[in-house]
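Here is the file entry.csv (CSV, C-alpha atoms).
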chain,number,residue,atom,x,y,z
A,1,MET,CA,20.7,10.1,-41.0
A,2,ILE,CA,24.3,9.0,-40.5
A,3,GLU,CA,25.2,9.9,-44.1
A,4,GLN,CA,23.7,13.3,-43.6
A,5,LEU,CA,25.7,13.9,-40.4
A,6,ARG,CA,28.9,12.7,-42.2
A,7,LYS,CA,28.5,15.6,-44.6
A,8,ILE,CA,28.8,17.9,-41.6
A,9,TYR,CA,31.3,15.9,-39.6
A,10,SER,CA,34.0,14.4,-41.8
A,11,SER,CA,35.5,12.4,-38.9
A,12,LEU,CA,32.3,10.4,-38.3
A,13,LEU,CA,32.9,6.7,-37.8
A,14,VAL,CA,30.4,3.8,-37.6
A,15,TYR,CA,31.4,1.2,-35.0
A,16,ASN,CA,32.0,-2.2,-36.3
A,17,GLU,CA,32.5,-4.9,-33.6
A,18,GLU,CA,34.6,-7.1,-35.7
A,19,TYR,CA,37.6,-4.8,-36.2
A,20,GLU,CA,37.2,-1.6,-34.2
A,21,ASN,CA,37.6,-0.4,-30.6
A,22,PHE,CA,36.0,2.7,-29.2
A,23,ASP,CA,38.4,5.6,-29.8
A,24,PRO,CA,38.4,7.7,-26.6
A,25,ASN,CA,39.0,10.8,-28.7
A,26,TYR,CA,35.5,10.4,-30.2
A,27,LYS,CA,32.1,11.2,-28.8
A,28,TRP,CA,29.8,8.2,-29.4
A,29,PHE,CA,26.1,8.1,-30.1
A,30,VAL,CA,23.3,5.6,-30.9
A,31,ALA,CA,21.2,6.2,-34.0
A,32,ASP,CA,17.5,5.2,-34.3
A,33,SER,CA,18.7,2.3,-36.3
A,34,ASN,CA,20.8,1.2,-33.3
A,35,ASP,CA,24.0,1.8,-35.2
A,36,ILE,CA,26.7,3.2,-32.9
A,37,PHE,CA,28.8,6.0,-34.4
A,38,GLY,CA,31.3,8.5,-33.2
A,39,ILE,CA,32.5,12.0,-34.1
A,40,HIS,CA,36.0,13.2,-33.2
A,41,GLN,CA,35.8,15.7,-30.3
A,42,LYS,CA,37.9,18.2,-32.3
A,43,GLU,CA,34.9,18.7,-34.6
A,44,LEU,CA,32.4,19.2,-31.7
A,45,THR,CA,31.6,22.3,-29.8
A,46,GLY,CA,29.5,22.4,-26.7
A,47,LYS,CA,26.6,23.6,-28.9
A,48,ASP,CA,27.1,20.7,-31.3
A,49,ILE,CA,27.0,18.2,-28.4
A,50,ALA,CA,23.9,19.8,-27.0
A,51,LEU,CA,22.2,19.6,-30.4
A,52,LEU,CA,23.2,16.0,-31.0
A,53,THR,CA,22.1,14.7,-27.6
A,54,ALA,CA,18.7,16.4,-28.1
A,55,PHE,CA,17.8,13.8,-30.7
A,56,LEU,CA,20.4,11.1,-30.2
A,57,SER,CA,21.3,8.9,-27.2
A,58,PRO,CA,24.9,9.3,-26.1
A,59,TYR,CA,26.6,5.9,-25.9
A,60,ASN,CA,28.6,4.8,-22.9
A,61,THR,CA,31.6,3.0,-24.3
A,62,LYS,CA,32.0,1.0,-21.1
A,63,PHE,CA,29.0,-1.0,-22.1
A,64,PRO,CA,29.3,-3.8,-24.8
A,65,PRO,CA,27.4,-3.0,-28.0
A,66,LEU,CA,23.8,-4.4,-28.0
A,67,THR,CA,23.3,-7.7,-29.7
A,68,THR,CA,20.5,-8.0,-32.2
A,69,ALA,CA,18.4,-9.8,-29.6
A,70,GLU,CA,19.1,-7.1,-27.0
A,71,GLN,CA,18.1,-4.4,-29.5
A,72,LYS,CA,14.8,-6.1,-30.0
A,73,TRP,CA,14.1,-6.4,-26.3
A,74,LYS,CA,15.1,-2.8,-25.7
A,75,LYS,CA,12.7,-1.6,-28.4
A,76,ALA,CA,9.9,-3.8,-26.9
A,77,ILE,CA,10.4,-2.5,-23.4
A,78,PHE,CA,10.8,1.2,-24.2
A,79,ALA,CA,8.3,1.4,-27.1
A,80,THR,CA,5.9,4.4,-27.1
A,81,GLU,CA,2.8,5.1,-29.1
A,82,SER,CA,4.7,7.4,-31.4
A,83,GLN,CA,7.5,4.8,-31.8
A,84,PRO,CA,5.9,1.3,-31.6
A,85,PHE,CA,8.3,-1.6,-31.7
A,86,PRO,CA,8.3,-4.1,-34.6
A,87,ALA,CA,6.9,-7.4,-33.1
A,88,PHE,CA,9.2,-10.4,-33.1
A,89,GLN,CA,8.5,-14.1,-32.5
A,90,LEU,CA,8.3,-15.1,-28.9
A,91,ASP,CA,7.9,-18.9,-28.5
A,92,HIS,CA,8.3,-19.2,-24.8
A,93,PRO,CA,7.5,-17.4,-21.6
A,94,TYR,CA,10.2,-15.1,-20.4
A,95,ARG,CA,11.3,-13.5,-17.1
A,96,PHE,CA,13.5,-10.6,-16.1
A,97,ILE,CA,16.3,-11.2,-13.6
A,98,TYR,CA,17.6,-8.0,-12.0
A,99,PHE,CA,21.3,-8.1,-11.0
A,100,SER,CA,23.5,-5.7,-9.1
A,101,ILE,CA,27.3,-5.9,-8.7
A,102,ASN,CA,29.6,-3.8,-6.6
A,103,GLN,CA,30.8,-0.7,-8.4
A,104,ASN,CA,34.3,-0.9,-10.1
A,105,GLN,CA,34.5,-4.7,-9.4
A,106,ILE,CA,34.1,-5.8,-13.1
A,107,THR,CA,33.5,-4.0,-16.4
A,108,PRO,CA,30.1,-4.5,-18.1
A,109,GLY,CA,31.8,-6.1,-21.0
A,110,PHE,CA,33.7,-8.7,-18.9
A,111,PHE,CA,30.5,-9.4,-16.9
A,112,HIS,CA,28.5,-9.9,-20.1
A,113,GLU,CA,31.0,-12.5,-21.3
A,114,ALA,CA,31.0,-14.3,-17.9
A,115,ILE,CA,27.2,-14.5,-17.8
A,116,GLN,CA,27.0,-15.8,-21.4
A,117,GLU,CA,29.3,-18.7,-20.5
A,118,LEU,CA,27.0,-19.8,-17.7
A,119,PHE,CA,24.0,-20.3,-20.0
A,120,ALA,CA,23.5,-23.0,-22.7
A,121,MET,CA,22.1,-20.3,-25.1
A,122,PRO,CA,23.0,-16.5,-25.3
A,123,VAL,CA,20.8,-14.4,-23.0
A,124,PRO,CA,20.1,-10.7,-23.6
A,125,ILE,CA,21.4,-8.3,-21.0
A,126,LEU,CA,20.1,-4.7,-20.7
A,127,TRP,CA,22.1,-2.3,-18.4
A,128,GLU,CA,20.6,0.3,-16.1
A,129,ASN,CA,24.0,1.7,-15.3
A,130,GLU,CA,27.5,0.3,-14.8
A,131,HIS,CA,26.5,-1.9,-11.9
A,132,GLU,CA,22.8,-2.8,-12.4
A,133,GLY,CA,20.8,-4.4,-15.2
A,134,ILE,CA,18.4,-7.0,-16.3
A,135,ILE,CA,19.0,-10.5,-17.7
A,136,ILE,CA,16.2,-11.7,-20.0
A,137,GLU,CA,15.7,-15.5,-19.7
A,138,GLU,CA,13.3,-17.6,-21.8
A,139,GLN,CA,11.8,-20.7,-20.2
A,140,ASN,CA,13.2,-23.0,-22.8
A,141,GLN,CA,16.7,-22.5,-21.4
A,142,ASP,CA,18.6,-25.8,-21.1
A,143,GLU,CA,17.9,-27.6,-17.8
A,144,ASP,CA,21.6,-28.1,-17.4
A,145,SER,CA,22.1,-24.3,-16.9
A,146,PRO,CA,23.2,-23.6,-13.3
A,147,SER,CA,20.8,-22.1,-10.8
A,148,TYR,CA,21.3,-18.4,-9.9
A,149,GLU,CA,22.8,-19.6,-6.5
A,150,GLU,CA,25.3,-21.7,-8.4
A,151,MET,CA,26.1,-18.8,-10.8
A,152,ILE,CA,26.9,-16.6,-7.8
A,153,ASP,CA,29.3,-19.3,-6.4
A,154,ILE,CA,31.0,-19.5,-9.8
A,155,LEU,CA,31.3,-15.8,-10.2
A,156,MET,CA,32.6,-15.3,-6.7
A,157,SER,CA,35.1,-18.1,-7.0
A,158,ASP,CA,36.4,-17.3,-10.5
A,159,LEU,CA,36.1,-13.5,-10.6
A,160,TYR,CA,35.6,-12.5,-6.9
A,161,VAL,CA,32.5,-10.5,-7.9
A,162,LYS,CA,29.8,-9.9,-5.3
A,163,ILE,CA,26.5,-10.0,-7.0
A,164,ASN,CA,22.7,-10.1,-6.2
A,165,PHE,CA,19.9,-11.6,-8.3
A,166,PHE,CA,16.2,-10.8,-8.0
A,167,VAL,CA,14.3,-13.4,-10.1
A,168,GLY,CA,11.0,-12.1,-11.5
A,169,PRO,CA,8.0,-14.3,-12.4
A,170,PHE,CA,7.6,-15.7,-15.9
A,171,ARG,CA,5.4,-13.6,-18.3
A,172,GLU,CA,4.0,-14.2,-21.8
A,173,GLY,CA,3.6,-11.6,-24.5
A,174,PHE,CA,4.5,-8.0,-24.6
A,175,GLU,CA,1.2,-6.3,-23.4
A,176,THR,CA,2.5,-5.5,-20.0
A,177,ILE,CA,6.3,-5.6,-20.6
A,178,ARG,CA,7.0,-2.0,-19.7
A,179,PRO,CA,5.3,-2.1,-16.2
A,180,TYR,CA,6.8,-5.5,-15.7
A,181,TYR,CA,10.3,-4.1,-16.3
A,182,ARG,CA,9.7,-1.2,-14.0
A,183,SER,CA,8.3,-3.4,-11.2
A,184,VAL,CA,11.2,-5.8,-11.3
A,185,THR,CA,13.8,-3.0,-11.1
A,186,ARG,CA,11.9,-1.2,-8.4
A,187,ASP,CA,11.0,-4.2,-6.3
A,188,ALA,CA,14.5,-5.6,-6.4
A,189,LYS,CA,15.9,-2.4,-4.8
A,190,LYS,CA,13.3,-2.5,-2.1
A,191,VAL,CA,13.8,-6.1,-1.2
A,192,PHE,CA,17.6,-6.0,-1.1
A,193,ALA,CA,17.3,-3.1,1.4
A,194,TYR,CA,15.6,-5.6,3.8
A,195,SER,CA,17.4,-8.9,3.0
A,196,ASP,CA,21.1,-9.9,2.8
A,197,LYS,CA,20.2,-12.9,0.7
A,198,THR,CA,22.1,-13.0,-2.6
A,199,VAL,CA,19.2,-14.6,-4.6
A,200,ILE,CA,15.6,-13.7,-4.0
A,201,THR,CA,12.7,-14.9,-6.1
A,202,TYR,CA,9.4,-12.9,-6.4
A,203,ILE,CA,7.7,-15.4,-4.0
A,204,ASP,CA,10.4,-14.9,-1.4
A,205,ALA,CA,10.1,-11.1,-1.9
A,206,ALA,CA,6.3,-10.9,-1.3
A,207,PRO,CA,6.5,-10.5,2.5
A,208,TYR,CA,9.2,-7.7,2.1
A,209,LEU,CA,7.1,-5.9,-0.5
A,210,LEU,CA,4.0,-6.1,1.8
A,211,ILE,CA,6.0,-4.7,4.7
A,212,ASP,CA,7.4,-1.9,2.6
A,213,GLN,CA,3.8,-0.6,2.0
A,214,ILE,CA,3.1,-0.3,5.7
A,215,ALA,CA,3.5,3.1,7.4
A,216,PRO,CA,6.5,3.1,9.9
A,217,GLU,CA,4.2,3.8,12.8
A,218,PHE,CA,2.2,0.7,12.1
A,219,ARG,CA,5.3,-1.4,11.6
A,220,ARG,CA,6.4,-0.5,15.2
A,221,GLU,CA,3.0,-1.4,16.5
A,222,LEU,CA,3.1,-4.7,14.7
A,223,GLY,CA,6.4,-5.6,16.3
A,224,ILE,CA,5.4,-4.6,19.8
A,225,ASN,CA,2.0,-6.3,19.6
A,226,LEU,CA,3.3,-9.6,18.2
A,227,LEU,CA,6.8,-9.9,19.4
A,228,GLN,CA,6.0,-8.3,22.8
A,229,GLU,CA,8.9,-8.8,25.3
A,230,TYR,CA,11.0,-10.6,22.6
A,231,ILE,CA,11.2,-7.6,20.3
A,232,ASN,CA,14.8,-6.9,21.2
A,233,ASP,CA,15.8,-10.5,22.1
A,234,GLU,CA,18.2,-11.2,19.2
A,235,GLU,CA,18.8,-14.8,20.3
A,236,THR,CA,15.2,-15.7,20.3
A,237,LEU,CA,14.5,-13.8,17.1
A,238,LYS,CA,17.4,-15.6,15.4
A,239,MET,CA,15.9,-18.9,16.5
A,240,LEU,CA,12.5,-18.0,15.1
A,241,GLU,CA,13.9,-16.8,11.8
A,242,THR,CA,15.8,-20.1,11.4
A,243,PHE,CA,12.6,-22.0,12.3
A,244,PHE,CA,10.6,-20.1,9.7
A,245,LEU,CA,13.2,-20.5,7.0
A,246,SER,CA,13.4,-24.3,7.8
A,247,ASN,CA,9.7,-24.6,7.0
A,248,LEU,CA,8.7,-25.0,10.7
A,249,ASN,CA,10.7,-28.2,10.9
A,250,ILE,CA,12.0,-28.8,14.4
A,251,SER,CA,14.8,-31.2,13.4
A,252,GLU,CA,16.2,-29.1,10.6
A,253,THR,CA,16.1,-26.0,12.8
A,254,ALA,CA,17.8,-27.7,15.7
A,255,LYS,CA,20.5,-29.0,13.3
A,256,GLU,CA,21.0,-25.5,11.8
A,257,LEU,CA,21.3,-23.9,15.2
A,258,HIS,CA,23.5,-26.8,16.7
A,259,MET,CA,20.8,-27.2,19.4
A,260,HIS,CA,19.2,-30.3,20.9
A,261,ARG,CA,15.6,-30.6,19.6
A,262,ASN,CA,14.3,-30.8,23.1
A,263,SER,CA,15.9,-27.4,23.9
A,264,LEU,CA,14.3,-25.9,20.8
A,265,GLN,CA,11.0,-27.4,21.8
A,266,TYR,CA,11.3,-25.8,25.3
A,267,ARG,CA,12.2,-22.4,23.8
A,268,LEU,CA,9.2,-22.5,21.4
A,269,ASP,CA,7.0,-23.5,24.4
A,270,ARG,CA,8.3,-20.5,26.3
A,271,PHE,CA,7.5,-18.2,23.4
A,272,PHE,CA,4.0,-19.6,23.4
A,273,GLU,CA,3.5,-19.1,27.1
A,274,LYS,CA,4.8,-15.5,27.0
A,275,THR,CA,3.0,-14.3,23.9
A,276,GLY,CA,0.1,-16.7,23.4
A,277,ILE,CA,1.3,-17.4,19.8
A,278,ASP,CA,2.2,-21.0,18.8
A,279,VAL,CA,4.5,-20.4,15.9
A,280,ARG,CA,4.4,-24.2,15.1
A,281,GLN,CA,1.1,-23.4,13.3
A,282,PHE,CA,1.7,-21.8,9.9
A,283,HIS,CA,-1.2,-19.3,10.2
A,284,LYS,CA,0.3,-18.0,13.4
A,285,ALA,CA,3.9,-18.2,12.3
A,286,MET,CA,3.3,-15.9,9.3
A,287,PRO,CA,2.2,-12.8,11.2
A,288,VAL,CA,5.2,-13.2,13.5
A,289,TYR,CA,7.5,-13.5,10.5
A,290,LEU,CA,6.0,-10.3,9.1
A,291,ALA,CA,6.5,-8.5,12.5
A,292,MET,CA,10.1,-9.5,12.5
A,293,LEU,CA,10.6,-8.1,9.0
A,294,ALA,CA,8.7,-4.9,10.0
A,295,ARG,CA,11.2,-4.5,12.8
A,296,GLU,CA,14.2,-4.3,10.5
Transcribe the structure of this file into structure tokens.
Amino acid sequence: MIEQLRKIYSSLLVYNEEYENFDPNYKWFVADSNDIFGIHQKELTGKDIALLTAFLSPYNTKFPPLTTAEQKWKKAIFATESQPFPAFQLDHPYRFIYFSINQNQITPGFFHEAIQELFAMPVPILWENEHEGIIIEEQNQDEDSPSYEEMIDILMSDLYVKINFFVGPFREGFETIRPYYRSVTRDAKKVFAYSDKTVITYIDAAPYLLIDQIAPEFRRELGINLLQEYINDEETLKMLETFFLSNLNISETAKELHMHRNSLQYRLDRFFEKTGIDVRQFHKAMPVYLAMLARE
């Protein structure tokens, strides 16, 4: 196809990563073969551009060209019945990690390079837009690779980039890859609307996703019925949140809140007396935690 287009547009260039940059005077496209090519804008009318974009994908030159591995994963995720993807060897379970960065903080190309340096082996990255995307991690990654919390610390200290990670569960095979991709990108955006944590796993996200499915009216009822007079008591709610996040451990919670454990015990006793709910028992703590999330 590219050779046929070259007969029409003499300025056509095929991108070669080794020795070319993206000329801003060219309009760039991606062919079915995943080759990136450009045509000088002097040769293109509005009608030409409309026709080309009808059967080709415009290429955003702010993104780094897809690696061979990224091309394979993109084909696997976005395959259709009319355009099935060619299967490739998958030796290990994989997972999708959604990331979001503040707009205009770092270019996709620079971010791509920074992420690759943090892993022992190259990882594919697929971009949703200039500040969101998916990292594809296989389970055989070197154990010496930093955790996602450590990655954020490194990126913040070295590049001053604010970033969030939503870590999806591991999957095997390609049978459900498309809905898995959609669910990770969708759920991540929901969860970060509730939480200010920078790294959230799917397990951590489950309570937020449950709350998101509840009608607003029922959320309010849940908060009123379980939190009762404490529904607007920010100090007590902060204490309870810390207690829950400390795995119901009195000593850890007291240390985190800079409070004597006897004082914490007293306040938990008061909450029990007022509401009839002993949050020191897991099966009673969980509904209270959900009510607190529903309140936000």
request  = Extract, using only C-alpha atoms, all DNA, RNA and protein residues at most 12 Å from Gln281 of chain A, discarding same-chain residues fewer than 4 positions from it, and format them as a count of residues only.
outcome  = 12
inquiry  = Could you check which residues have any atom within 6 Å of (15.1, -12.0, -24.0), counting only C-alpha atoms with coordinates taken straight from the file, and then list them as an MDAnalysis selection string?
reply    = chainID A and resid 124 136:137
key: From A:His283, A:Pro65, A:Phe55, A:Ser263, residue lying nearest Asn21 of chain A [all atoms listed in the file]   =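 Of all the options, A:Pro65 lies closest to Asn21 of chain A.
We find atom CA of Asn104 of chain A and atom CA of Gln116 of chain A to be spaced 20.1 Å apart.
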List as JSON lines every residue of segment 97-182 of chain A that is in contact with segment 203-206 of chain A, defined as an atom at most 12 Å from one of its atoms (using all atoms listed in the file), together with the nearest atom pair and the distance in Å rounded to one decimal, sorted by chain and then rising number.
{"residue": "A:Phe165", "atom": "CA", "partner": "A:Ala205", "partner_atom": "CA", "distance": 11.7}
{"residue": "A:Phe166", "atom": "CA", "partner": "A:Ala205", "partner_atom": "CA", "distance": 8.6}
{"residue": "A:Val167", "atom": "CA", "partner": "A:Ile203", "partner_atom": "CA", "distance": 9.2}
{"residue": "A:Gly168", "atom": "CA", "partner": "A:Ile203", "partner_atom": "CA", "distance": 8.8}
{"residue": "A:Pro169", "atom": "CA", "partner": "A:Ile203", "partner_atom": "CA", "distance": 8.5}
{"residue": "A:Phe170", "atom": "CA", "partner": "A:Ile203", "partner_atom": "CA", "distance": 11.9}
key: Minimum-distance residue to Gly109 of chain A, chosen among A:Asp153, A:Tyr9, A:Phe96, A:Pro64 (using only C-alpha atoms)   =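 Result for the nearest residue to Gly109 of chain A: A:Pro64.
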query = What separation in Å, quoted to one decimal, exists between atom CA of Thr67 of chain A and atom CA of Asp35 of chain A?
reply =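 Computed distance, atom CA of Thr67 of chain A to atom CA of Asp35 of chain A, equals 11.0 Å.
Within 10 Å of Ser11 of chain A, once all atoms listed in the file are used and residues closer than 3 positions along the same chain are dropped, the contacting residues are Arg6, Lys7, Ile8, Tyr26, Gly38, Ile39, His40, Gln41, Lys42 and Glu43 of chain A.
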Could you write out the selected residues, including C-alpha atoms, as a PDB file, in the coordinates of the input?
ATOM      1  CA  ARG A   6      28.900  12.700 -42.200  1.00  0.00           C
ATOM      2  CA  LYS A   7      28.500  15.600 -44.600  1.00  0.00           C
ATOM      3  CA  ILE A   8      28.800  17.900 -41.600  1.00  0.00           C
ATOM      4  CA  TYR A  26      35.500  10.400 -30.200  1.00  0.00           C
ATOM      5  CA  GLY A  38      31.300   8.500 -33.200  1.00  0.00           C
ATOM      6  CA  ILE A  39      32.500  12.000 -34.100  1.00  0.00           C
ATOM      7  CA  HIS A  40      36.000  13.200 -33.200  1.00  0.00           C
ATOM      8  CA  GLN A  41      35.800  15.700 -30.300  1.00  0.00           C
ATOM      9  CA  LYS A  42      37.900  18.200 -32.300  1.00  0.00           C
ATOM     10  CA  GLU A  43      34.900  18.700 -34.600  1.00  0.00           C
TER      11      GLU A  43
END
